[in-house]
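Peer 1: Quick one, run-v4.pdb (PDB, C-alpha atoms):
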```pdb
ATOM      1  CA  MET A 149      11.196  20.111  -2.193  1.00  0.00           C
ATOM      2  CA  PRO A 150      12.288  19.286   1.373  1.00  0.00           C
ATOM      3  CA  VAL A 151      11.945  15.762   2.676  1.00  0.00           C
ATOM      4  CA  TRP A 152       9.419  15.385   5.489  1.00  0.00           C
ATOM      5  CA  CYS A 153      11.053  14.431   8.747  1.00  0.00           C
ATOM      6  CA  PRO A 154       8.734  12.680  11.239  1.00  0.00           C
ATOM      7  CA  PHE A 155      10.217  14.408  14.247  1.00  0.00           C
ATOM      8  CA  SER A 156      10.894  17.863  12.803  1.00  0.00           C
ATOM      9  CA  GLU A 157       7.654  19.277  14.214  1.00  0.00           C
ATOM     10  CA  CYS A 158       8.610  18.096  17.675  1.00  0.00           C
ATOM     11  CA  LEU A 159      12.065  19.622  17.456  1.00  0.00           C
ATOM     12  CA  ARG A 160      10.580  22.968  16.435  1.00  0.00           C
ATOM     13  CA  ALA A 161       7.847  22.770  19.045  1.00  0.00           C
ATOM     14  CA  LYS A 162      10.094  23.131  22.136  1.00  0.00           C
ATOM     15  CA  CYS A 163      10.964  19.546  22.915  1.00  0.00           C
ATOM     16  CA  LEU A 164      14.677  20.244  22.771  1.00  0.00           C
ATOM     17  CA  PRO A 165      16.049  23.408  24.315  1.00  0.00           C
ATOM     18  CA  VAL A 166      18.289  25.438  22.042  1.00  0.00           C
ATOM     19  CA  ARG A 167      21.229  24.891  24.394  1.00  0.00           C
ATOM     20  CA  ASP A 168      21.232  21.125  23.738  1.00  0.00           C
ATOM     21  CA  ARG A 169      23.776  19.873  21.264  1.00  0.00           C
ATOM     22  CA  PHE A 170      23.074  16.837  19.120  1.00  0.00           C
ATOM     23  CA  ASP A 171      26.267  15.136  20.257  1.00  0.00           C
ATOM     24  CA  THR A 172      24.931  15.038  23.824  1.00  0.00           C
ATOM     25  CA  ILE A 173      21.616  13.463  22.852  1.00  0.00           C
ATOM     26  CA  HIS A 174      21.663   9.687  23.104  1.00  0.00           C
ATOM     27  CA  THR A 175      19.398   7.179  21.409  1.00  0.00           C
ATOM     28  CA  ARG A 176      17.467   6.725  24.630  1.00  0.00           C
ATOM     29  CA  HIS A 177      16.643  10.449  24.589  1.00  0.00           C
ATOM     30  CA  TRP A 178      15.330  10.197  21.020  1.00  0.00           C
ATOM     31  CA  HIS A 179      13.294   7.180  22.129  1.00  0.00           C
ATOM     32  CA  GLN A 180      11.806   9.100  25.061  1.00  0.00           C
ATOM     33  CA  LEU A 181      11.019  12.012  22.764  1.00  0.00           C
ATOM     34  CA  ALA A 182       9.274   9.735  20.283  1.00  0.00           C
ATOM     35  CA  MET A 183       7.279   7.927  22.961  1.00  0.00           C
ATOM     36  CA  LYS A 184       6.156  11.220  24.450  1.00  0.00           C
ATOM     37  CA  ASN A 185       5.116  12.786  21.142  1.00  0.00           C
ATOM     38  CA  GLY A 186       3.929  10.042  18.842  1.00  0.00           C
ATOM     39  CA  GLY A 187       4.563   6.673  20.382  1.00  0.00           C
ATOM     40  CA  PRO A 188       5.859   3.554  18.664  1.00  0.00           C
ATOM     41  CA  VAL A 189       4.834   4.764  15.205  1.00  0.00           C
ATOM     42  CA  LEU A 190       7.088   7.804  15.514  1.00  0.00           C
ATOM     43  CA  TRP A 191       9.921   5.765  16.996  1.00  0.00           C
ATOM     44  CA  ASP A 192       9.723   3.266  14.132  1.00  0.00           C
ATOM     45  CA  ALA A 193       9.780   6.146  11.636  1.00  0.00           C
ATOM     46  CA  MET A 194      12.871   7.608  13.319  1.00  0.00           C
ATOM     47  CA  VAL A 195      14.705   4.275  13.225  1.00  0.00           C
ATOM     48  CA  ASP A 196      13.678   3.730   9.591  1.00  0.00           C
ATOM     49  CA  LEU A 197      15.005   7.183   8.735  1.00  0.00           C
ATOM     50  CA  VAL A 198      18.388   6.399  10.296  1.00  0.00           C
ATOM     51  CA  VAL A 199      18.569   2.991   8.591  1.00  0.00           C
ATOM     52  CA  GLN A 200      18.207   4.799   5.250  1.00  0.00           C
ATOM     53  CA  VAL A 201      21.319   6.951   5.744  1.00  0.00           C
ATOM     54  CA  GLY A 202      23.585   4.628   3.736  1.00  0.00           C
ATOM     55  CA  PRO A 203      21.311   4.326   0.692  1.00  0.00           C
ATOM     56  CA  ALA A 204      20.539   8.052   0.850  1.00  0.00           C
ATOM     57  CA  LEU A 205      24.239   8.901   0.778  1.00  0.00           C
ATOM     58  CA  VAL A 206      24.753   6.656  -2.248  1.00  0.00           C
ATOM     59  CA  ALA A 207      21.873   8.376  -4.036  1.00  0.00           C
ATOM     60  CA  VAL A 208      23.136  11.858  -3.167  1.00  0.00           C
ATOM     61  CA  GLU A 209      26.716  11.085  -4.128  1.00  0.00           C
ATOM     62  CA  SER A 210      25.610   9.963  -7.589  1.00  0.00           C
ATOM     63  CA  ARG A 211      23.929  13.351  -8.061  1.00  0.00           C
ATOM     64  CA  LEU A 212      26.825  15.537  -6.941  1.00  0.00           C
ATOM     65  CA  PRO A 213      28.472  17.728  -9.558  1.00  0.00           C
ATOM     66  CA  LYS A 214      31.731  16.358 -10.924  1.00  0.00           C
ATOM     67  CA  ASP A 215      33.666  19.231  -9.381  1.00  0.00           C
ATOM     68  CA  PHE A 216      32.218  18.766  -5.874  1.00  0.00           C
ATOM     69  CA  HIS A 217      35.053  18.890  -3.348  1.00  0.00           C
ATOM     70  CA  GLY A 218      35.895  15.294  -2.410  1.00  0.00           C
ATOM     71  CA  ARG A 219      37.172  16.083   1.074  1.00  0.00           C
ATOM     72  CA  SER A 220      33.903  17.833   1.891  1.00  0.00           C
ATOM     73  CA  TRP A 221      31.865  14.855   0.744  1.00  0.00           C
ATOM     74  CA  ASP A 222      34.071  12.444   2.671  1.00  0.00           C
ATOM     75  CA  ALA A 223      33.651  14.450   5.875  1.00  0.00           C
ATOM     76  CA  ILE A 224      29.886  14.735   5.433  1.00  0.00           C
ATOM     77  CA  SER A 225      29.292  11.101   4.544  1.00  0.00           C
ATOM     78  CA  LYS A 226      31.640   9.681   7.186  1.00  0.00           C
ATOM     79  CA  GLY A 227      30.041  11.880   9.831  1.00  0.00           C
ATOM     80  CA  MET A 228      26.523  10.834   8.877  1.00  0.00           C
ATOM     81  CA  VAL A 229      27.440   7.145   8.790  1.00  0.00           C
ATOM     82  CA  ALA A 230      29.135   7.418  12.194  1.00  0.00           C
ATOM     83  CA  GLU A 231      26.099   9.141  13.724  1.00  0.00           C
ATOM     84  CA  ALA A 232      23.739   6.572  12.215  1.00  0.00           C
ATOM     85  CA  GLU A 233      25.833   3.696  13.535  1.00  0.00           C
ATOM     86  CA  TRP A 234      26.011   5.308  16.988  1.00  0.00           C
ATOM     87  CA  PHE A 235      22.235   5.767  17.010  1.00  0.00           C
ATOM     88  CA  LEU A 236      21.572   2.174  15.913  1.00  0.00           C
ATOM     89  CA  VAL A 237      23.899   0.760  18.576  1.00  0.00           C
ATOM     90  CA  GLY A 238      21.721   2.567  21.105  1.00  0.00           C
ATOM     91  CA  VAL A 239      18.564   1.059  19.574  1.00  0.00           C
ATOM     92  CA  ASP A 240      19.833  -2.419  20.420  1.00  0.00           C
ATOM     93  CA  GLY A 241      20.076  -1.419  24.074  1.00  0.00           C
ATOM     94  CA  LEU A 242      16.448  -0.318  24.375  1.00  0.00           C
TER
END
```
Spell out the structure here as structure tokens.

Peer 2:
Amino acid sequence: MPVWCPFSECLRAKCLPVRDRFDTIHTRHWHQLAMKNGGPVLWDAMVDLVVQVGPALVAVESRLPKDFHGRSWDAISKGMVAEAEWFLVGVDGL
């Protein structure tokens, strides 16, 4: 069963043009998007979601099959941690 994402409806609804790449979207843009489409409750949910990246990765890693390719997991987890850290640095500036 997929996990509900508080801003998935907004992303599907036309808030972000298809041409936009996630690496060009800064925390302030996510903040503006949240304020426009749900306000502080949505923003808090987005931040909470990002804060949970570390624990989520630990939980997922423990469930991976023994033969899961280690380099793939390293790339995925390091990338997610880096994006979460980058996002949270931007939160401090708001």

Peer 1: Neighbouring residues of segment 229-242 of chain A were defined as those with any atom within 8 Å, considering only C-alpha atoms; residues of the same chain fewer than 6 positions away were excluded. Please report them as a PyMOL selection string.

Peer 2: chain A and resi 174-176+195+198-199+201-202

Peer 1: Skipping near chain neighbours, those fewer than 5 positions away, what residues fall within 12 Å of Met183 of chain A using only C-alpha atoms, listed as a ChimeraX atom specification?

Peer 2: /A:155,158,176-178,188-194

Peer 1: A:Leu205, A:Leu181, A:Ile173, A:Leu197: which is nearest Met228 of chain A, counting all atoms listed in the file?

Peer 2: A:Leu205

Peer 1: Just give me the gap between atom CA of Lys226 of chain A and atom CA of Ala207 of chain A in Å, one decimal is fine.

Peer 2: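 So the answer is 14.9 Å.
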
Peer 1: Using atom CA of Ala204 of chain A and atom CA of Ile224 of chain A as the two end points, give the distance in Å to one decimal.

Peer 2: 12.4 Å

Peer 1: Provide the atom CA of Ser225 of chain A to atom CA of Val206 of chain A distance in Å, to one decimal place.

Peer 2: 9.3 Å

Peer 1: Take every atom of segment 221-227 of chain A listed in the file, pad by 5 Å on each side, and give me the axis-aligned box centre and edge lengths in Å, one decimal, as lines of an AutoDock Vina configuration file.

Peer 2:
```
center_x = 31.7
center_y = 12.3
center_z = 5.3
size_x = 14.8
size_y = 15.2
size_z = 19.1
```
